[in-house]
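Taking it in order: structure first as structure tokens, then the write-up.
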Amino acid sequence: MKLSFDQVRRRAKSLERQGSKNEAIKLYEEFLESYPKNERARKALAELKLPAEVAKGSLQEKVTAVRRLFDSGQIQASFDAANAVLKEVPNSGVVWNLLGAAAFGLKKFDLAEQSFRKAVELEPEITQAHANLGVLLYQQERLQAALEAFANAIKTNPQYAEGYNSIGGIYHKLGKFDAAEKYFVGAIQANKNYAEAYYNLGNTFFKSGKISAAQQSFGFAAQVQGENMPAMSQKLYMQALLCDWSGIADFEKLAPRIGIEGDAVEPFSMLSYDDNAERQQKRAANMIRKRCHVNAVPLPERPVARSEKIKIGYFSADFHDHATLILMIGLLEHHDREKFEIHAYSYGIVKQGVKRDRLSKLVDSFVDISMASDPQIVAAVRQQKIDIAVDLKGFTRQGRSGLFAYRLAPIQISYLGYPGTLGADFMDYIVADKVIIPDNLRQFYTEKVIYLPDSYQPNDRNRIIPETTTTRSDFGLPEKGFVFCCFNSNYKITPREFDIWMRLLAKYDDSVLWLLNANEGVRENLLREVEARGIARERIVFAERLQEPEHLARHKHADLFLDTFNVNAHTTASDALWAGLPIVTKTGESFAARVAASLLCAVGLPELVAETEEQYEALIIDLVENPGRLAQIRQQLIDNRLSAPLFDSATYTKHLEKAYVEAYDRYFEGKEPDHIFVS
């Protein structure tokens with residue numbers, strides 16, 4: 001016969017008085033096996049298991065015991081212990097704070113908030129209770145309330161560095177970078193060795209375009225905390241943006257370890273330093289392990305009937321006048337709306353632009369998810385029943401690849417934004433071509449590869465190049481002489497290609513090099529490097545950023561585009577080729593180091609692809625000294641651009657859609673993802 005709870009309790013009390021505490025515990029556990037939802041039995045068992053210090057010690061001993069349980073990871077036990085102590089001292093703000101922390105750890109968020117608020121009501125001077133409340137509110141995206149909680153924490157302790165840092169983080173998230181900067185500085189003033197605050201300040205400077213200041217902040221973060229690889233990687237990236245090549249020696253010492261052993265680093269920050277596909281894969285996988293440790297939300301059952309239309313969801317922060325949308329707009333215009341339903345999910349800060357307006361008319365829905373939490377986004381996407389979720393960002397700036405760890409859709413594809421593997425088992429495919437990922441390099445990609453027949457990169461064949469009356473002198477260029485140009489972002493330039501460029505300037509006295517001027521520090525660094533190689537600084541001409549049509553139009557004033565090595569021209573290569581400007585590139589090993597080769601092959605100019613630095617230099621010299629051949633190539637580009645596969649938006653779209661269909665068919669048939677070869 002089964003005993004009632006009251007009978008079990010009387011027997012347990014008797015056993016406890018007799019010194020048989022373990023037998024009493026066993027009695028409650030057996031009862032709970034039969035009645036697992038009996039809350040009275042669960043509480044009685046929890047109280048029985050309390051450490052002696054909690055059961056019989058002084059208040060301080062009880063508080064210490066509860067904290068020890070929490071710190072050792074025994075969250076449920078600390079929760080039960082805090083509840084037991086509060087029965088004796090219900091007006092202890094310290095214990096309410098401990099209860100809140102335990103409730104937070106158990107994901108009892110409403111109770112946690114109530115507990116923290118009770119703690120600060122009873123004892124307003126408890127700094128940590130205000131801070132814990134702020135953390136909870138921040139996690140729930142209640143940012144204004146979180147700001148108030150952290151401000152209260154600082155009021156109780158003006159030297160509370162973590163409070164300043166947390167407020168700075170909220171302002172950073174809100175895009176209020178001046179305010180964020182002020183609070184990160186406040187955190188550092190409160191604790192001069194606060195590596196995290198230095199790192200966050202560096203990120204804020206970077207977002208504000210203060211690259212030199214960002215480099216210094218990341219450098220301080222790396223100094224005050226030994227082996228701080230995330231800070232070191234960002235410092236190196238800032239140095240690359242500034243063309244401060246003193247960081248290359250530092251990187252070479254760390255290359256086998258940075259981002260691979262220990263802490264993860266942003267994989268994108270290392271691309272210009274390291275053309276090693278194996279190490280890039282390891283860095284990506286390490287970042288995914290550290291950043292994306294959520295549990296996937298179970299997918300619904302596979303449909304019994306095939307969908308009438310395959311639902312595609314494109315996810316990006318760059319649905320505005322950005323390189324990604326410049327490239328994709330032709331694809332979006334040509335999607336077969338009889339077979340596909342297209343949805344765009346935007347989480348970017350920029351909310352307007354000509355391309356964005358154009359995009360909104362090309363999709364079935366345009367959803368701004370910038371202020372939504374990951375679980376909210378997952379729920380919305382699942383409700384839309386997206387079949388294929390496409391990540392257009394990866395590890396690039398503002399990327400939210402962690403969304404895909406939840407499994408947004410049965411099929412997930414990495415495409416266009418990040419030039420490399422994401423190293424994630426939740427990403428099924430990556431879009432590429434045989435030039436980008438040849439057979440011998442496929443082992444360094446975690447995803448299965450969708451091989452498109454021409455180039456992986458989409459293009460818009462309706463881009464307008466205005467007829468202008470500008471002259472070279474309007475851009476600071478000499479009217480006569482040979483103009484080499486490279487409109488790639490400055491971080492892509494390394495001494496390897498720069499040495500070749502300087503030898504070319506030395507060889508051809510009437511030549512100049514036309515480069516992009518990307519930030520406040522890069523110009524002087526590059527000019528210093530020029531003079532160190534014996535070339536007059538006047539031989540370098542800097543181009544300012546222009547709107548897309550004007551930028552395309554100015555290409556006519558250059559004679560030859562010189563590509564960078566570890567990270568090739570991507571959109572800038574398509575710009576040049578669309579404008580009729582030939583490019584000379586050199587292939588490397590990684591995705592980013594093979595992009596221009598892919599584009600040149602797709603536009604019918606594989607002869608402009610070099611395999612070695614020596615071939616690269618010799619090819620450029622041959623084109624300079626054979627103006628007839630160069631003119632012929634230029635005319636070929638102009639004549640063939642509408643027929644070349646690279647700029648055939650309609651055919652490209654059919655190829656990509658064919659891959660989408662094959663990926664969906666494999667899923668529908670219950671097959672695992674596999675490499676897809678589109679013919």
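FYI, nothing fancy with the structure tokens labels: chains A, B, ... in order, residues from 1 per chain, ligands from 1 as they appear.
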Quick one: everything within 8 Å of stretch 231-233 of chain A, counting only C-alpha atoms, minus sequence neighbours fewer than 4 positions away in the same chain. Send it as an NGL selection string.
:A and (199 or 218-219 or 221-222 or 237 or 258 or 265-266 or 269-270)
List every residue of stretch 51-217 of chain A that DSSP, applied to the backbone of this structure, places in alpha helix (DSSP H), and write the result as a compact mmCIF listing (two decimals) with N, CA and C atoms, in the first residue's frame.
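Below you can see out33.txt, which holds the result:
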```
# COMPACT_ATOMS: atom_id res chain seq x y z
N ALA A 52 24.79 21.42 6.43
CA ALA A 52 24.62 21.68 7.86
C ALA A 52 24.69 23.17 8.16
N GLU A 53 25.57 23.90 7.40
CA GLU A 53 25.72 25.33 7.65
C GLU A 53 24.42 26.08 7.37
N VAL A 54 23.67 25.58 6.36
CA VAL A 54 22.40 26.23 6.02
C VAL A 54 21.34 25.86 7.06
N ALA A 55 21.38 24.64 7.48
CA ALA A 55 20.36 24.17 8.41
C ALA A 55 20.54 24.74 9.82
N LYS A 56 21.79 24.85 10.28
CA LYS A 56 22.01 25.19 11.69
C LYS A 56 22.99 26.33 11.92
N LEU A 59 23.66 33.29 10.31
CA LEU A 59 23.19 33.86 9.05
C LEU A 59 24.33 33.98 8.05
N GLN A 60 25.49 34.44 8.50
CA GLN A 60 26.62 34.59 7.59
C GLN A 60 27.06 33.24 7.05
N GLU A 61 27.06 32.22 7.90
CA GLU A 61 27.43 30.88 7.45
C GLU A 61 26.43 30.35 6.44
N LYS A 62 25.15 30.64 6.69
CA LYS A 62 24.11 30.20 5.74
C LYS A 62 24.28 30.87 4.38
N VAL A 63 24.53 32.18 4.39
CA VAL A 63 24.73 32.93 3.14
C VAL A 63 25.95 32.39 2.40
N THR A 64 27.02 32.15 3.14
CA THR A 64 28.24 31.62 2.53
C THR A 64 27.99 30.25 1.91
N ALA A 65 27.21 29.43 2.60
CA ALA A 65 26.91 28.09 2.08
C ALA A 65 26.08 28.16 0.81
N VAL A 66 25.09 29.05 0.79
CA VAL A 66 24.27 29.21 -0.42
C VAL A 66 25.14 29.67 -1.58
N ARG A 67 26.01 30.64 -1.30
CA ARG A 67 26.87 31.16 -2.37
C ARG A 67 27.83 30.08 -2.87
N ARG A 68 28.33 29.25 -1.94
CA ARG A 68 29.25 28.18 -2.33
C ARG A 68 28.55 27.17 -3.24
N LEU A 69 27.32 26.85 -2.92
CA LEU A 69 26.55 25.94 -3.78
C LEU A 69 26.40 26.51 -5.18
N PHE A 70 26.07 27.80 -5.23
CA PHE A 70 25.88 28.45 -6.53
C PHE A 70 27.18 28.48 -7.32
N ASP A 71 28.26 28.87 -6.65
CA ASP A 71 29.55 28.99 -7.35
C ASP A 71 30.08 27.65 -7.84
N ILE A 75 23.09 24.67 -8.95
CA ILE A 75 22.13 25.77 -9.01
C ILE A 75 20.82 25.42 -8.31
N GLN A 76 20.30 24.21 -8.56
CA GLN A 76 19.05 23.81 -7.90
C GLN A 76 19.23 23.77 -6.39
N ALA A 77 20.36 23.25 -5.94
CA ALA A 77 20.61 23.17 -4.50
C ALA A 77 20.72 24.56 -3.89
N SER A 78 21.36 25.47 -4.59
CA SER A 78 21.48 26.83 -4.07
C SER A 78 20.12 27.52 -4.04
N PHE A 79 19.29 27.22 -5.04
CA PHE A 79 17.93 27.76 -5.08
C PHE A 79 17.13 27.28 -3.86
N ASP A 80 17.19 25.98 -3.61
CA ASP A 80 16.46 25.42 -2.47
C ASP A 80 17.01 25.98 -1.15
N ALA A 81 18.32 26.11 -1.08
CA ALA A 81 18.93 26.61 0.15
C ALA A 81 18.54 28.06 0.40
N ALA A 82 18.53 28.87 -0.64
CA ALA A 82 18.15 30.28 -0.48
C ALA A 82 16.70 30.39 -0.01
N ASN A 83 15.85 29.58 -0.57
CA ASN A 83 14.44 29.59 -0.14
C ASN A 83 14.32 29.22 1.34
N ALA A 84 15.11 28.24 1.75
CA ALA A 84 15.06 27.81 3.15
C ALA A 84 15.54 28.92 4.09
N VAL A 85 16.60 29.61 3.69
CA VAL A 85 17.14 30.68 4.53
C VAL A 85 16.14 31.83 4.61
N LEU A 86 15.46 32.12 3.51
CA LEU A 86 14.50 33.23 3.50
C LEU A 86 13.32 32.99 4.44
N LYS A 87 13.03 31.74 4.75
CA LYS A 87 11.97 31.47 5.73
C LYS A 87 12.34 32.02 7.10
N GLU A 88 13.66 32.02 7.36
CA GLU A 88 14.15 32.52 8.64
C GLU A 88 14.38 34.02 8.60
N GLY A 93 18.16 41.31 1.94
CA GLY A 93 18.37 41.61 0.52
C GLY A 93 19.45 40.74 -0.09
N VAL A 94 20.47 40.41 0.71
CA VAL A 94 21.56 39.56 0.21
C VAL A 94 21.02 38.20 -0.22
N VAL A 95 20.16 37.61 0.60
CA VAL A 95 19.64 36.28 0.28
C VAL A 95 18.66 36.35 -0.89
N TRP A 96 17.86 37.41 -0.95
CA TRP A 96 16.97 37.57 -2.12
C TRP A 96 17.79 37.67 -3.41
N ASN A 97 18.93 38.34 -3.33
CA ASN A 97 19.80 38.44 -4.51
C ASN A 97 20.32 37.06 -4.91
N LEU A 98 20.71 36.25 -3.90
CA LEU A 98 21.19 34.89 -4.20
C LEU A 98 20.07 34.04 -4.79
N LEU A 99 18.86 34.20 -4.26
CA LEU A 99 17.72 33.46 -4.82
C LEU A 99 17.49 33.88 -6.27
N GLY A 100 17.59 35.18 -6.54
CA GLY A 100 17.41 35.65 -7.91
C GLY A 100 18.44 35.08 -8.85
N ALA A 101 19.70 35.02 -8.39
CA ALA A 101 20.76 34.47 -9.23
C ALA A 101 20.50 33.00 -9.55
N ALA A 102 20.08 32.25 -8.53
CA ALA A 102 19.78 30.84 -8.76
C ALA A 102 18.58 30.67 -9.68
N ALA A 103 17.54 31.48 -9.47
CA ALA A 103 16.36 31.41 -10.34
C ALA A 103 16.73 31.74 -11.78
N PHE A 104 17.60 32.72 -11.96
CA PHE A 104 18.07 33.08 -13.30
C PHE A 104 18.78 31.88 -13.94
N GLY A 105 19.62 31.22 -13.14
CA GLY A 105 20.34 30.05 -13.66
C GLY A 105 19.41 28.91 -14.03
N PHE A 109 12.76 33.14 -15.04
CA PHE A 109 13.11 34.54 -15.22
C PHE A 109 12.17 35.49 -14.48
N ASP A 110 10.89 35.19 -14.42
CA ASP A 110 9.97 36.06 -13.68
C ASP A 110 10.32 36.08 -12.20
N LEU A 111 10.58 34.90 -11.65
CA LEU A 111 10.96 34.82 -10.24
C LEU A 111 12.29 35.52 -10.00
N ALA A 112 13.22 35.37 -10.93
CA ALA A 112 14.52 36.03 -10.79
C ALA A 112 14.35 37.54 -10.72
N GLU A 113 13.53 38.09 -11.62
CA GLU A 113 13.32 39.54 -11.60
C GLU A 113 12.66 39.99 -10.29
N GLN A 114 11.66 39.25 -9.85
CA GLN A 114 11.00 39.58 -8.58
C GLN A 114 12.00 39.56 -7.42
N SER A 115 12.88 38.57 -7.44
CA SER A 115 13.86 38.43 -6.35
C SER A 115 14.86 39.58 -6.35
N PHE A 116 15.37 39.93 -7.53
CA PHE A 116 16.33 41.04 -7.60
C PHE A 116 15.67 42.35 -7.16
N ARG A 117 14.44 42.55 -7.60
CA ARG A 117 13.75 43.79 -7.22
C ARG A 117 13.47 43.82 -5.71
N LYS A 118 13.16 42.67 -5.13
CA LYS A 118 12.96 42.60 -3.69
C LYS A 118 14.27 42.91 -2.97
N ALA A 119 15.37 42.40 -3.50
CA ALA A 119 16.67 42.63 -2.88
C ALA A 119 17.00 44.12 -2.82
N VAL A 120 16.81 44.83 -3.95
CA VAL A 120 17.17 46.26 -3.97
C VAL A 120 16.14 47.11 -3.21
N GLU A 121 14.94 46.59 -3.08
CA GLU A 121 13.95 47.30 -2.28
C GLU A 121 14.34 47.25 -0.81
N LEU A 122 14.78 46.07 -0.36
CA LEU A 122 15.15 45.89 1.04
C LEU A 122 16.49 46.54 1.37
N THR A 127 25.07 46.60 -4.69
CA THR A 127 25.45 46.89 -6.09
C THR A 127 25.15 45.70 -7.00
N GLN A 128 25.53 44.49 -6.55
CA GLN A 128 25.41 43.32 -7.42
C GLN A 128 23.96 42.99 -7.74
N ALA A 129 23.05 43.29 -6.83
CA ALA A 129 21.64 43.02 -7.10
C ALA A 129 21.13 43.91 -8.23
N HIS A 130 21.51 45.20 -8.21
CA HIS A 130 21.15 46.09 -9.32
C HIS A 130 21.74 45.57 -10.63
N ALA A 131 23.01 45.15 -10.55
CA ALA A 131 23.69 44.68 -11.76
C ALA A 131 23.05 43.40 -12.28
N ASN A 132 22.72 42.47 -11.37
CA ASN A 132 22.07 41.22 -11.80
C ASN A 132 20.73 41.50 -12.47
N LEU A 133 19.99 42.46 -11.93
CA LEU A 133 18.73 42.85 -12.55
C LEU A 133 18.99 43.40 -13.95
N GLY A 134 20.03 44.20 -14.08
CA GLY A 134 20.38 44.76 -15.39
C GLY A 134 20.71 43.67 -16.40
N VAL A 135 21.46 42.66 -15.97
CA VAL A 135 21.82 41.55 -16.87
C VAL A 135 20.56 40.82 -17.35
N LEU A 136 19.65 40.55 -16.42
CA LEU A 136 18.40 39.87 -16.76
C LEU A 136 17.59 40.69 -17.77
N LEU A 137 17.45 41.97 -17.52
CA LEU A 137 16.67 42.84 -18.41
C LEU A 137 17.33 42.96 -19.78
N TYR A 138 18.65 43.01 -19.78
CA TYR A 138 19.38 43.09 -21.06
C TYR A 138 19.13 41.83 -21.89
N GLN A 139 19.18 40.68 -21.23
CA GLN A 139 18.95 39.43 -21.95
C GLN A 139 17.55 39.39 -22.56
N LEU A 143 16.06 47.12 -22.94
CA LEU A 143 17.32 47.84 -22.84
C LEU A 143 17.22 49.09 -21.97
N GLN A 144 16.11 49.83 -22.08
CA GLN A 144 15.98 51.05 -21.28
C GLN A 144 15.92 50.70 -19.79
N ALA A 145 15.19 49.65 -19.46
CA ALA A 145 15.11 49.23 -18.07
C ALA A 145 16.48 48.73 -17.58
N ALA A 146 17.19 48.05 -18.47
CA ALA A 146 18.53 47.57 -18.11
C ALA A 146 19.47 48.74 -17.85
N LEU A 147 19.38 49.78 -18.67
CA LEU A 147 20.19 50.98 -18.46
C LEU A 147 19.95 51.56 -17.06
N GLU A 148 18.69 51.62 -16.67
CA GLU A 148 18.34 52.16 -15.36
C GLU A 148 18.93 51.31 -14.24
N ALA A 149 18.87 49.99 -14.40
CA ALA A 149 19.39 49.10 -13.36
C ALA A 149 20.90 49.26 -13.21
N PHE A 150 21.62 49.31 -14.33
CA PHE A 150 23.07 49.47 -14.25
C PHE A 150 23.45 50.86 -13.71
N ALA A 151 22.67 51.88 -14.06
CA ALA A 151 22.92 53.22 -13.52
C ALA A 151 22.76 53.21 -12.00
N ASN A 152 21.77 52.48 -11.50
CA ASN A 152 21.59 52.37 -10.05
C ASN A 152 22.76 51.64 -9.40
N ALA A 153 23.30 50.65 -10.11
CA ALA A 153 24.48 49.95 -9.59
C ALA A 153 25.65 50.91 -9.43
N ILE A 154 25.85 51.80 -10.40
CA ILE A 154 26.93 52.77 -10.34
C ILE A 154 26.70 53.78 -9.22
N LYS A 155 25.44 54.14 -8.99
CA LYS A 155 25.13 55.07 -7.90
C LYS A 155 25.56 54.50 -6.55
N THR A 156 25.37 53.19 -6.38
CA THR A 156 25.77 52.57 -5.11
C THR A 156 27.27 52.44 -5.00
N ALA A 161 33.30 49.24 -12.15
CA ALA A 161 33.72 49.25 -13.56
C ALA A 161 32.77 48.45 -14.44
N GLU A 162 32.31 47.30 -13.94
CA GLU A 162 31.43 46.45 -14.75
C GLU A 162 30.13 47.16 -15.10
N GLY A 163 29.67 48.04 -14.22
CA GLY A 163 28.45 48.79 -14.51
C GLY A 163 28.64 49.75 -15.67
N TYR A 164 29.74 50.49 -15.65
CA TYR A 164 30.04 51.39 -16.77
C TYR A 164 30.16 50.59 -18.08
N ASN A 165 30.83 49.45 -18.00
CA ASN A 165 31.03 48.62 -19.19
C ASN A 165 29.70 48.12 -19.74
N SER A 166 28.80 47.73 -18.84
CA SER A 166 27.49 47.22 -19.29
C SER A 166 26.66 48.32 -19.94
N ILE A 167 26.69 49.53 -19.36
CA ILE A 167 25.96 50.64 -19.98
C ILE A 167 26.55 50.96 -21.34
N GLY A 168 27.88 50.95 -21.43
CA GLY A 168 28.52 51.17 -22.73
C GLY A 168 28.08 50.15 -23.75
N GLY A 169 27.95 48.89 -23.32
CA GLY A 169 27.51 47.84 -24.24
C GLY A 169 26.11 48.07 -24.76
N ILE A 170 25.22 48.57 -23.90
CA ILE A 170 23.85 48.84 -24.34
C ILE A 170 23.82 49.99 -25.34
N TYR A 171 24.54 51.06 -25.03
CA TYR A 171 24.58 52.19 -25.97
C TYR A 171 25.20 51.77 -27.31
N HIS A 172 26.20 50.91 -27.24
CA HIS A 172 26.81 50.40 -28.48
C HIS A 172 25.77 49.65 -29.31
N LYS A 173 25.00 48.81 -28.63
CA LYS A 173 23.97 48.03 -29.33
C LYS A 173 22.92 48.94 -29.94
N PHE A 177 27.16 55.58 -30.35
CA PHE A 177 28.57 55.27 -30.13
C PHE A 177 29.28 56.32 -29.27
N ASP A 178 28.86 57.57 -29.35
CA ASP A 178 29.49 58.59 -28.50
C ASP A 178 29.22 58.29 -27.03
N ALA A 179 27.98 57.94 -26.72
CA ALA A 179 27.64 57.59 -25.34
C ALA A 179 28.35 56.31 -24.91
N ALA A 180 28.42 55.34 -25.80
CA ALA A 180 29.11 54.09 -25.48
C ALA A 180 30.57 54.36 -25.16
N GLU A 181 31.21 55.19 -25.99
CA GLU A 181 32.62 55.54 -25.77
C GLU A 181 32.81 56.14 -24.37
N LYS A 182 31.94 57.05 -23.97
CA LYS A 182 32.03 57.70 -22.66
C LYS A 182 32.01 56.68 -21.53
N TYR A 183 31.12 55.71 -21.61
CA TYR A 183 31.00 54.74 -20.52
C TYR A 183 32.11 53.70 -20.52
N PHE A 184 32.59 53.32 -21.70
CA PHE A 184 33.73 52.40 -21.72
C PHE A 184 34.97 53.08 -21.12
N VAL A 185 35.14 54.36 -21.42
CA VAL A 185 36.24 55.11 -20.81
C VAL A 185 36.05 55.16 -19.30
N GLY A 186 34.81 55.35 -18.85
CA GLY A 186 34.53 55.34 -17.42
C GLY A 186 34.90 54.02 -16.77
N ALA A 187 34.64 52.91 -17.47
CA ALA A 187 35.01 51.59 -16.95
C ALA A 187 36.52 51.46 -16.79
N ILE A 188 37.25 51.98 -17.78
CA ILE A 188 38.71 51.91 -17.74
C ILE A 188 39.27 52.82 -16.64
N GLN A 189 38.64 53.96 -16.43
CA GLN A 189 39.08 54.84 -15.34
C GLN A 189 38.88 54.18 -13.99
N ALA A 190 37.82 53.39 -13.88
CA ALA A 190 37.56 52.67 -12.63
C ALA A 190 38.48 51.47 -12.46
N ALA A 195 40.48 44.55 -19.36
CA ALA A 195 40.71 44.18 -20.75
C ALA A 195 39.42 44.22 -21.57
N GLU A 196 38.33 43.74 -20.99
CA GLU A 196 37.06 43.70 -21.73
C GLU A 196 36.59 45.10 -22.12
N ALA A 197 36.79 46.07 -21.21
CA ALA A 197 36.38 47.45 -21.52
C ALA A 197 37.24 48.03 -22.63
N TYR A 198 38.54 47.76 -22.60
CA TYR A 198 39.41 48.22 -23.69
C TYR A 198 38.94 47.61 -25.02
N TYR A 199 38.60 46.33 -24.99
CA TYR A 199 38.15 45.64 -26.20
C TYR A 199 36.86 46.26 -26.72
N ASN A 200 35.91 46.49 -25.82
CA ASN A 200 34.64 47.09 -26.22
C ASN A 200 34.83 48.51 -26.74
N LEU A 201 35.73 49.26 -26.11
CA LEU A 201 36.04 50.60 -26.59
C LEU A 201 36.62 50.54 -28.00
N GLY A 202 37.47 49.54 -28.25
CA GLY A 202 38.01 49.36 -29.60
C GLY A 202 36.92 49.11 -30.61
N ASN A 203 35.95 48.27 -30.26
CA ASN A 203 34.83 48.01 -31.17
C ASN A 203 34.03 49.27 -31.46
N THR A 204 33.84 50.10 -30.43
CA THR A 204 33.09 51.34 -30.61
C THR A 204 33.85 52.31 -31.50
N PHE A 205 35.14 52.45 -31.27
CA PHE A 205 35.96 53.30 -32.15
C PHE A 205 35.88 52.79 -33.60
N PHE A 206 35.93 51.48 -33.77
CA PHE A 206 35.86 50.90 -35.11
C PHE A 206 34.54 51.25 -35.79
N LYS A 207 33.44 51.10 -35.05
CA LYS A 207 32.13 51.43 -35.60
C LYS A 207 32.03 52.90 -35.96
N ILE A 211 39.79 54.38 -36.70
CA ILE A 211 40.55 53.14 -36.81
C ILE A 211 41.84 53.18 -35.98
N SER A 212 42.54 54.30 -35.99
CA SER A 212 43.78 54.39 -35.21
C SER A 212 43.50 54.24 -33.72
N ALA A 213 42.45 54.90 -33.25
CA ALA A 213 42.07 54.78 -31.84
C ALA A 213 41.65 53.35 -31.52
N ALA A 214 40.96 52.70 -32.44
CA ALA A 214 40.55 51.30 -32.23
C ALA A 214 41.78 50.41 -32.10
N GLN A 215 42.76 50.63 -32.95
CA GLN A 215 43.99 49.83 -32.87
C GLN A 215 44.64 49.97 -31.50
N GLN A 216 44.71 51.18 -30.99
CA GLN A 216 45.31 51.40 -29.68
C GLN A 216 44.53 50.69 -28.59
N SER A 217 43.20 50.78 -28.64
CA SER A 217 42.37 50.15 -27.61
C SER A 217 42.52 48.63 -27.62
```
Give the answer as one residue: which of A:Leu505, A:Val624, A:Ala409, A:Leu241 has the shortest atom-to-atom distance to A:Glu538, using only C-alpha atoms?
A:Leu505
Residue nearest A:Arg594 among A:Ile638, A:Ala264, A:Val567, A:Leu526 (counting only C-alpha atoms)
A:Val567
I need the strand (DSSP E) residues of stretch 358-435 of chain A per DSSP on the backbone, written as JSON, numbers by chain.
{"A": [365, 366, 367, 368, 388, 389, 390, 391, 411, 412, 413, 414, 429, 430, 431, 432, 433]}
Residues from last step as file, N, CA and C atoms, as a CSV table (one decimal), in the first residue's frame:
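Output file result_35.csv follows:
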```csv
chain,number,residue,atom,x,y,z
A,365,SER,N,7.8,39.0,-49.1
A,365,SER,CA,7.8,39.7,-47.8
A,365,SER,C,9.2,40.2,-47.5
A,366,PHE,N,9.2,41.4,-46.9
A,366,PHE,CA,10.4,42.0,-46.4
A,366,PHE,C,10.2,42.3,-44.9
A,367,VAL,N,11.0,41.6,-44.1
A,367,VAL,CA,10.7,41.6,-42.7
A,367,VAL,C,11.9,42.2,-41.9
A,368,ASP,N,11.7,43.2,-41.2
A,368,ASP,CA,12.8,43.9,-40.4
A,368,ASP,C,12.8,43.1,-39.0
A,388,ILE,N,14.3,26.9,-47.3
A,388,ILE,CA,15.7,27.1,-47.4
A,388,ILE,C,16.1,28.4,-46.9
A,389,ALA,N,16.9,28.4,-45.8
A,389,ALA,CA,17.4,29.7,-45.2
A,389,ALA,C,18.8,29.9,-45.7
A,390,VAL,N,19.0,31.1,-46.2
A,390,VAL,CA,20.3,31.5,-46.8
A,390,VAL,C,21.0,32.6,-46.0
A,391,ASP,N,22.2,32.3,-45.5
A,391,ASP,CA,23.0,33.2,-44.7
A,391,ASP,C,23.8,34.1,-45.7
A,411,ILE,N,16.8,23.3,-44.7
A,411,ILE,CA,18.0,23.4,-45.6
A,411,ILE,C,18.6,24.8,-45.3
A,412,GLN,N,20.0,24.8,-45.0
A,412,GLN,CA,20.6,26.1,-44.7
A,412,GLN,C,21.9,26.2,-45.5
A,413,ILE,N,22.0,27.4,-46.1
A,413,ILE,CA,23.1,27.6,-47.1
A,413,ILE,C,23.9,28.9,-46.8
A,414,SER,N,25.2,28.8,-46.9
A,414,SER,CA,26.1,29.9,-46.7
A,414,SER,C,26.4,30.4,-48.2
A,429,TYR,N,25.2,23.7,-46.9
A,429,TYR,CA,25.8,23.9,-48.2
A,429,TYR,C,26.5,25.3,-48.2
A,430,ILE,N,27.5,25.4,-49.1
A,430,ILE,CA,28.1,26.7,-49.4
A,430,ILE,C,28.1,26.8,-51.0
A,431,VAL,N,27.8,27.9,-51.5
A,431,VAL,CA,27.7,28.1,-52.9
A,431,VAL,C,29.1,28.5,-53.4
A,432,ALA,N,29.6,27.8,-54.4
A,432,ALA,CA,30.9,28.1,-55.0
A,432,ALA,C,30.9,27.7,-56.5
A,433,ASP,N,32.1,27.5,-57.0
A,433,ASP,CA,32.3,27.0,-58.3
A,433,ASP,C,33.7,26.2,-58.3
```
Top pick for closest residue to A:Arg523, considering A:Arg463, A:Ile535, A:Leu600, A:Val541 and counting only C-alpha atoms:
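Under the stated criterion, the closest residue is A:Val541.
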Have a look at atom CA of A:Asp318 and atom CA of A:Gly420 and let me know their distance in Å, one decimal.
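Straight-line distance from atom CA of A:Asp318 to atom CA of A:Gly420 works out to 18.2 Å.
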